[in-house]
Each structure stands twice: as C-alpha cells, then as structure tokens.
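*Asks:* Data file query_3.pdb (PDB, C-alpha atoms) is appended below.
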```
MODEL        1
ATOM      1  CA  MET A 253    -106.679 -49.540 178.645
ATOM      2  CA  GLU A 254    -103.887 -51.379 176.858
ATOM      3  CA  TYR A 255    -103.266 -51.430 173.134
ATOM      4  CA  LYS A 256    -100.485 -52.235 170.670
ATOM      5  CA  ALA A 257     -98.786 -49.504 168.640
ATOM      6  CA  VAL A 258     -96.436 -49.223 165.694
ATOM      7  CA  ALA A 259     -95.337 -46.235 163.584
ATOM      8  CA  PHE A 260     -94.571 -45.455 159.952
ATOM      9  CA  THR A 261     -92.113 -42.872 158.700
ATOM     10  CA  GLY A 262     -90.795 -41.808 155.316
ATOM     11  CA  PRO A 263     -90.539 -38.980 152.848
ATOM     12  CA  SER A 264     -93.624 -37.266 151.465
ATOM     13  CA  GLY A 265     -95.074 -39.268 148.592
ATOM     14  CA  SER A 266     -93.420 -42.541 149.608
ATOM     15  CA  GLY A 267     -96.669 -44.392 150.217
ATOM     16  CA  LYS A 268     -97.103 -44.236 154.009
ATOM     17  CA  THR A 269    -100.773 -43.314 153.851
ATOM     18  CA  THR A 270    -101.520 -45.927 151.185
ATOM     19  CA  LEU A 271     -99.757 -48.632 153.215
ATOM     20  CA  ILE A 272    -101.627 -47.704 156.402
ATOM     21  CA  GLU A 273    -104.917 -47.649 154.480
ATOM     22  CA  LYS A 274    -104.226 -51.168 153.141
ATOM     23  CA  ILE A 275    -103.377 -52.399 156.646
ATOM     24  CA  VAL A 276    -106.600 -50.886 158.013
ATOM     25  CA  ARG A 277    -108.650 -52.501 155.232
ATOM     26  CA  ARG A 278    -106.938 -55.862 155.893
ATOM     27  CA  LEU A 279    -107.433 -55.767 159.690
ATOM     28  CA  GLU A 280    -110.668 -53.808 160.249
ATOM     29  CA  SER A 281    -112.824 -56.927 160.404
ATOM     30  CA  VAL A 282    -110.676 -58.618 163.063
ATOM     31  CA  ARG A 283    -109.261 -55.744 165.124
ATOM     32  CA  ARG A 284    -110.380 -52.394 166.467
ATOM     33  CA  LEU A 285    -107.988 -49.844 164.956
ATOM     34  CA  ALA A 286    -106.958 -46.257 165.591
ATOM     35  CA  VAL A 287    -104.738 -44.108 163.361
ATOM     36  CA  VAL A 288    -102.818 -41.009 164.426
ATOM     37  CA  LYS A 289    -101.321 -38.836 161.680
ATOM     38  CA  HIS A 290     -98.719 -36.180 162.366
ATOM     39  CA  ASP A 291     -99.174 -32.855 160.585
ATOM     40  CA  PRO A 292     -95.825 -31.115 161.218
ATOM     41  CA  SER A 293     -96.570 -28.284 158.772
ATOM     42  CA  ASP A 294    -100.019 -27.594 160.267
ATOM     43  CA  LYS A 295    -101.530 -27.704 156.772
ATOM     44  CA  ALA A 296    -104.538 -29.986 157.391
ATOM     45  CA  ARG A 297    -107.871 -28.171 157.527
ATOM     46  CA  PHE A 298    -111.008 -29.765 158.922
ATOM     47  CA  ASP A 299    -113.523 -26.957 158.846
ATOM     48  CA  ARG A 300    -114.562 -24.217 156.468
ATOM     49  CA  GLU A 301    -113.766 -20.648 157.318
ATOM     50  CA  GLY A 302    -116.732 -18.804 158.766
ATOM     51  CA  LYS A 303    -118.639 -21.894 159.930
ATOM     52  CA  ASP A 304    -119.708 -21.956 163.592
ATOM     53  CA  SER A 305    -117.010 -24.335 164.843
ATOM     54  CA  ASP A 306    -114.301 -22.420 162.959
ATOM     55  CA  ARG A 307    -115.498 -19.144 164.494
ATOM     56  CA  PHE A 308    -115.498 -20.637 168.020
ATOM     57  CA  PHE A 309    -111.986 -22.047 167.503
ATOM     58  CA  ARG A 310    -110.631 -18.775 166.087
ATOM     59  CA  ALA A 311    -112.122 -16.981 169.088
ATOM     60  CA  GLY A 312    -109.895 -19.132 171.312
ATOM     61  CA  ALA A 313    -112.044 -22.049 172.492
ATOM     62  CA  ASP A 314    -111.392 -25.761 172.147
ATOM     63  CA  VAL A 315    -114.338 -27.123 170.136
ATOM     64  CA  ALA A 316    -115.915 -30.570 169.768
ATOM     65  CA  VAL A 317    -118.343 -31.213 166.935
ATOM     66  CA  LEU A 318    -120.604 -34.216 167.493
ATOM     67  CA  SER A 319    -122.660 -35.832 164.755
ATOM     68  CA  PRO A 320    -124.355 -39.208 164.364
ATOM     69  CA  THR A 321    -121.332 -40.614 162.489
ATOM     70  CA  ARG A 322    -118.265 -38.828 163.879
ATOM     71  CA  THR A 323    -116.738 -36.661 166.567
ATOM     72  CA  THR A 324    -114.279 -33.940 165.628
ATOM     73  CA  LEU A 325    -112.107 -32.163 168.182
ATOM     74  CA  PHE A 326    -110.413 -28.838 167.508
ATOM     75  CA  SER A 327    -107.943 -28.047 170.264
ATOM     76  CA  HIS A 328    -105.389 -25.309 170.775
ATOM     77  CA  HIS A 329    -103.349 -27.633 173.009
ATOM     78  CA  PRO A 330    -101.068 -30.465 171.916
ATOM     79  CA  ARG A 331    -101.996 -33.878 173.325
ATOM     80  CA  SER A 332     -99.837 -36.834 174.270
ATOM     81  CA  ILE A 333    -100.293 -40.109 172.448
ATOM     82  CA  GLU A 334    -101.757 -41.538 175.665
ATOM     83  CA  GLU A 335    -104.368 -38.766 175.841
ATOM     84  CA  ILE A 336    -105.300 -39.325 172.202
ATOM     85  CA  ALA A 337    -105.610 -43.065 172.856
ATOM     86  CA  GLY A 338    -108.015 -42.318 175.702
ATOM     87  CA  MET A 339    -110.124 -40.148 173.397
ATOM     88  CA  PHE A 340    -110.437 -43.006 170.909
ATOM     89  CA  GLY A 341    -111.855 -45.302 173.562
ATOM     90  CA  SER A 342    -111.396 -49.035 173.179
ATOM     91  CA  PHE A 343    -109.181 -50.347 170.366
ATOM     92  CA  ASP A 344    -106.503 -53.012 169.814
ATOM     93  CA  LEU A 345    -103.922 -51.460 167.499
ATOM     94  CA  MET A 346    -102.782 -47.882 166.905
ATOM     95  CA  LEU A 347    -100.988 -47.067 163.660
ATOM     96  CA  VAL A 348     -99.019 -43.809 163.846
ATOM     97  CA  GLU A 349     -97.941 -41.923 160.730
ATOM     98  CA  GLY A 350     -94.957 -39.727 161.521
ATOM     99  CA  LEU A 351     -94.049 -38.480 165.016
ATOM    100  CA  LYS A 352     -90.461 -39.710 164.720
ATOM    101  CA  THR A 353     -89.678 -38.776 168.320
ATOM    102  CA  LEU A 354     -92.159 -41.298 169.741
ATOM    103  CA  PRO A 355     -90.311 -44.421 170.894
ATOM    104  CA  LEU A 356     -92.363 -46.879 168.848
ATOM    105  CA  PRO A 357     -91.321 -49.740 166.582
ATOM    106  CA  ARG A 358     -91.108 -48.021 163.232
ATOM    107  CA  ILE A 359     -91.332 -49.009 159.581
ATOM    108  CA  GLY A 360     -89.741 -46.652 157.061
ATOM    109  CA  VAL A 361     -91.602 -46.481 153.755
ATOM    110  CA  PHE A 362     -89.483 -45.713 150.685
ATOM    111  CA  ARG A 363     -89.710 -45.668 146.902
ATOM    112  CA  GLY A 364     -86.815 -44.984 144.556
ATOM    113  CA  GLY A 365     -84.206 -45.157 147.325
ATOM    114  CA  ILE A 366     -83.773 -45.235 151.081
ATOM    115  CA  ASP A 367     -82.924 -41.949 152.782
ATOM    116  CA  PRO A 368     -80.226 -42.834 155.341
ATOM    117  CA  ASP A 369     -81.302 -39.947 157.604
ATOM    118  CA  TYR A 370     -84.306 -42.064 158.652
ATOM    119  CA  LEU A 371     -82.292 -45.176 159.594
ATOM    120  CA  PRO A 372     -81.584 -44.287 163.263
ATOM    121  CA  VAL A 373     -85.312 -44.487 164.134
ATOM    122  CA  LEU A 374     -86.235 -47.545 162.035
ATOM    123  CA  GLN A 375     -86.562 -51.226 162.822
ATOM    124  CA  ALA A 376     -87.831 -52.123 159.322
ATOM    125  CA  VAL A 377     -88.120 -50.673 155.833
ATOM    126  CA  ALA A 378     -90.971 -51.343 153.416
ATOM    127  CA  VAL A 379     -89.861 -50.908 149.819
ATOM    128  CA  ASP A 380     -91.065 -51.796 146.359
ATOM    129  CA  GLY A 381     -89.184 -52.794 143.208
ATOM    130  CA  SER A 382     -88.010 -49.211 142.664
ATOM    131  CA  VAL A 383     -85.484 -49.731 145.499
ATOM    132  CA  ASP A 384     -82.498 -51.965 144.762
ATOM    133  CA  ILE A 385     -81.930 -53.321 148.236
ATOM    134  CA  ARG A 386     -78.688 -55.047 147.109
ATOM    135  CA  THR A 387     -77.038 -51.662 146.555
ATOM    136  CA  THR A 388     -78.382 -50.157 149.767
ATOM    137  CA  SER A 389     -76.318 -50.239 152.921
ATOM    138  CA  LEU A 390     -78.667 -51.077 155.783
ATOM    139  CA  PRO A 391     -77.777 -51.920 159.370
ATOM    140  CA  PRO A 392     -78.146 -55.685 159.911
ATOM    141  CA  ASP A 393     -80.902 -55.242 162.510
ATOM    142  CA  ILE A 394     -83.302 -53.555 160.042
ATOM    143  CA  THR A 395     -85.833 -55.904 158.458
ATOM    144  CA  VAL A 396     -86.655 -55.426 154.778
ATOM    145  CA  LEU A 397     -90.365 -55.775 153.940
ATOM    146  CA  ASP A 398     -92.131 -55.844 150.585
ATOM    147  CA  LEU A 399     -94.271 -52.689 150.441
ATOM    148  CA  ASN A 400     -96.808 -54.549 148.288
ATOM    149  CA  ASP A 401     -97.093 -57.611 150.573
ATOM    150  CA  ILE A 402     -99.618 -56.539 153.212
ATOM    151  CA  GLU A 403     -99.540 -59.960 154.894
ATOM    152  CA  GLU A 404     -95.778 -59.647 155.405
ATOM    153  CA  VAL A 405     -96.162 -56.144 156.856
ATOM    154  CA  VAL A 406     -99.029 -57.232 159.144
ATOM    155  CA  ASP A 407     -96.961 -60.205 160.336
ATOM    156  CA  TRP A 408     -94.082 -57.826 161.199
ATOM    157  CA  ILE A 409     -96.511 -55.590 163.097
ATOM    158  CA  ASP A 410     -97.898 -58.592 164.992
ATOM    159  CA  HIS A 411     -94.398 -59.498 166.148
ATOM    160  CA  HIS A 412     -93.008 -56.002 166.841
ATOM    161  CA  ALA A 413     -95.809 -53.660 167.951
ATOM    162  CA  ILE A 414     -95.398 -52.674 171.587
ATOM    163  CA  THR A 415     -98.024 -52.516 174.292
ATOM    164  CA  LEU A 416     -98.926 -49.062 175.606
ATOM    165  CA  LYS A 417    -101.455 -47.845 178.119
ATOM    166  CA  GLY A 418    -103.870 -45.030 177.387
ATOM    167  CA  THR A 419    -105.495 -42.708 179.874
ATOM    168  CA  THR A 420    -109.246 -42.774 180.016
ATOM    169  CA  CYS A 421    -111.198 -39.616 179.338
TER
ENDMDL
END
```
Could you show the structure in this file as structure tokens?
*Replies:*
Amino acid sequence: MEYKAVAFTGPSGSGKTTLIEKIVRRLESVRRLAVVKHDPSDKARFDREGKDSDRFFRAGADVAVLSPTRTTLFSHHPRSIEEIAGMFGSFDLMLVEGLKTLPLPRIGVFRGGIDPDYLPVLQAVAVDGSVDIRTTSLPPDITVLDLNDIEEVVDWIDHHAITLKGTTC
C-alpha cells in the first residue's frame, strides 16, 4: 500500500491541531485521510480506570476494543509509522503531528514568533499575522505559508508530501 505523508511541528498551543483539523475538513470528501499524533509526554488517556479494557492493559496485555463505529488499540509496544499505516488500511494521505525524527516534509506552525530550534527539520512555516516575517531570519529554502489560508497549505502538501509504503496487517 502506498500513501503520501507530511508532518507538522511546533510549540504547544501554536495551532498544529487546529490546522490539521481544517485540512482534514477540507480534504475528507476527496481523499481518504489518516492522522498520527505524537504524545511525547504520555499524557493522553483513552480509557477510564477500572473499565475492562483498562484492567486488561494494566495486567500486561495488548488490547483492542471493537465497536460499530471505531477500533481502539492499546499496546505496550511502540509501532513504526509503516505498521500504523497498515493498521489504518487504505488511505491516500497521512498527516503526522510531531515525531520530529521522522524524515517527512514538515511544516512548522508558529504564532507570536518562530522558534529557530525547529528550523533544521522544516521545509515550510505556517504563520499568522502575529509573526512579523520581515524581522525573522529564515533559511531561503523554507517556504512561508499563511496559517489561515488552508488552500495554500493544501497546495504545499500536494507538491511536497512524499510517498511511503505501509505494511499490511
């Protein structure tokens, strides 16, 4: 299975999730989408303490919860992006939030100012009017995108997302 992928990076509160949500809403009728979000602090919780699946997971098992509208996997083992892609099944475009070490084309999302520590992994920055791009020193190969212009961001994705292959499960 082949699919295109692109990533988003930026400080907490910069608007990464909102941007990805807008892209999903814009493209969901014309493309099959998958989103992977990195949780480096392990703070996301998907089950309530004491429920069956939580008890099984705490006992040491990997757990899958199947319902008519969703599948949830709780695993004690990290997965590669290719393995995750295989779990999603068929899709056209994967949007990744975070995971700076993955070699994907990457848009940095910033408000108020651009953190130069992110620049080595970026190919583009998406900023709003709170960033004065004229006073910001950016490498010449980094594209500046309007954070509020979803069409411009989607066009950049269309031209820069790379093709990856997922393993089938």
*Asks:* Rank A:Ala259, A:Ile272, A:Met253, A:Leu345 by their smallest atom-to-atom distance to Leu374 in chain A, using only C-alpha atoms, and report the top residue only.
*Replies:*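 Ranking A:Ala259, A:Ile272, A:Met253, A:Leu345 by distance to Leu374 in chain A, first place goes to A:Ala259.
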*Asks:* So, counting all atoms listed in the file, which residue among A:Lys256, A:Asp314, A:Lys274, A:Gly262 is closest to Val377 in chain A?
*Replies:* A:Gly262
*Asks:* Counting all atoms listed in the file, what is within 9 Å of Thr324 in chain A, bar same-chain residues fewer than 5 positions away, as a list of chain:residue names?
*Replies:*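 Skipping anything fewer than 5 positions along the chain leaves A:Phe298, A:Val315, A:Ala316, A:Val317, A:Leu318, A:Ser319.
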*Asks:* Mind running range 298-350 of chain A against range 358-370 of chain A at 12 Å and telling me each contacting residue's nearest atom pair with the distance in Å (one decimal), counting all atoms listed in the file, chain and number ascending, as CSV?
*Replies:*
```
residue,atom,partner,partner_atom,distance
A:Leu347,CA,A:Arg358,CA,9.9
A:Val348,CA,A:Arg358,CA,9.0
A:Glu349,CA,A:Arg358,CA,9.5
A:Gly350,CA,A:Arg358,CA,9.3
```
*Asks:* Could you pull the residues within 10 Å of Gln375 in chain A, counting only C-alpha atoms, minus those fewer than 4 positions along the same chain, as a list of chain:residue names?
*Replies:* A:Leu356, A:Pro357, A:Arg358, A:Ile359, A:Gly360, A:Leu371, A:Pro391, A:Pro392, A:Asp393, A:Ile394, A:Thr395, A:Val396, A:His412
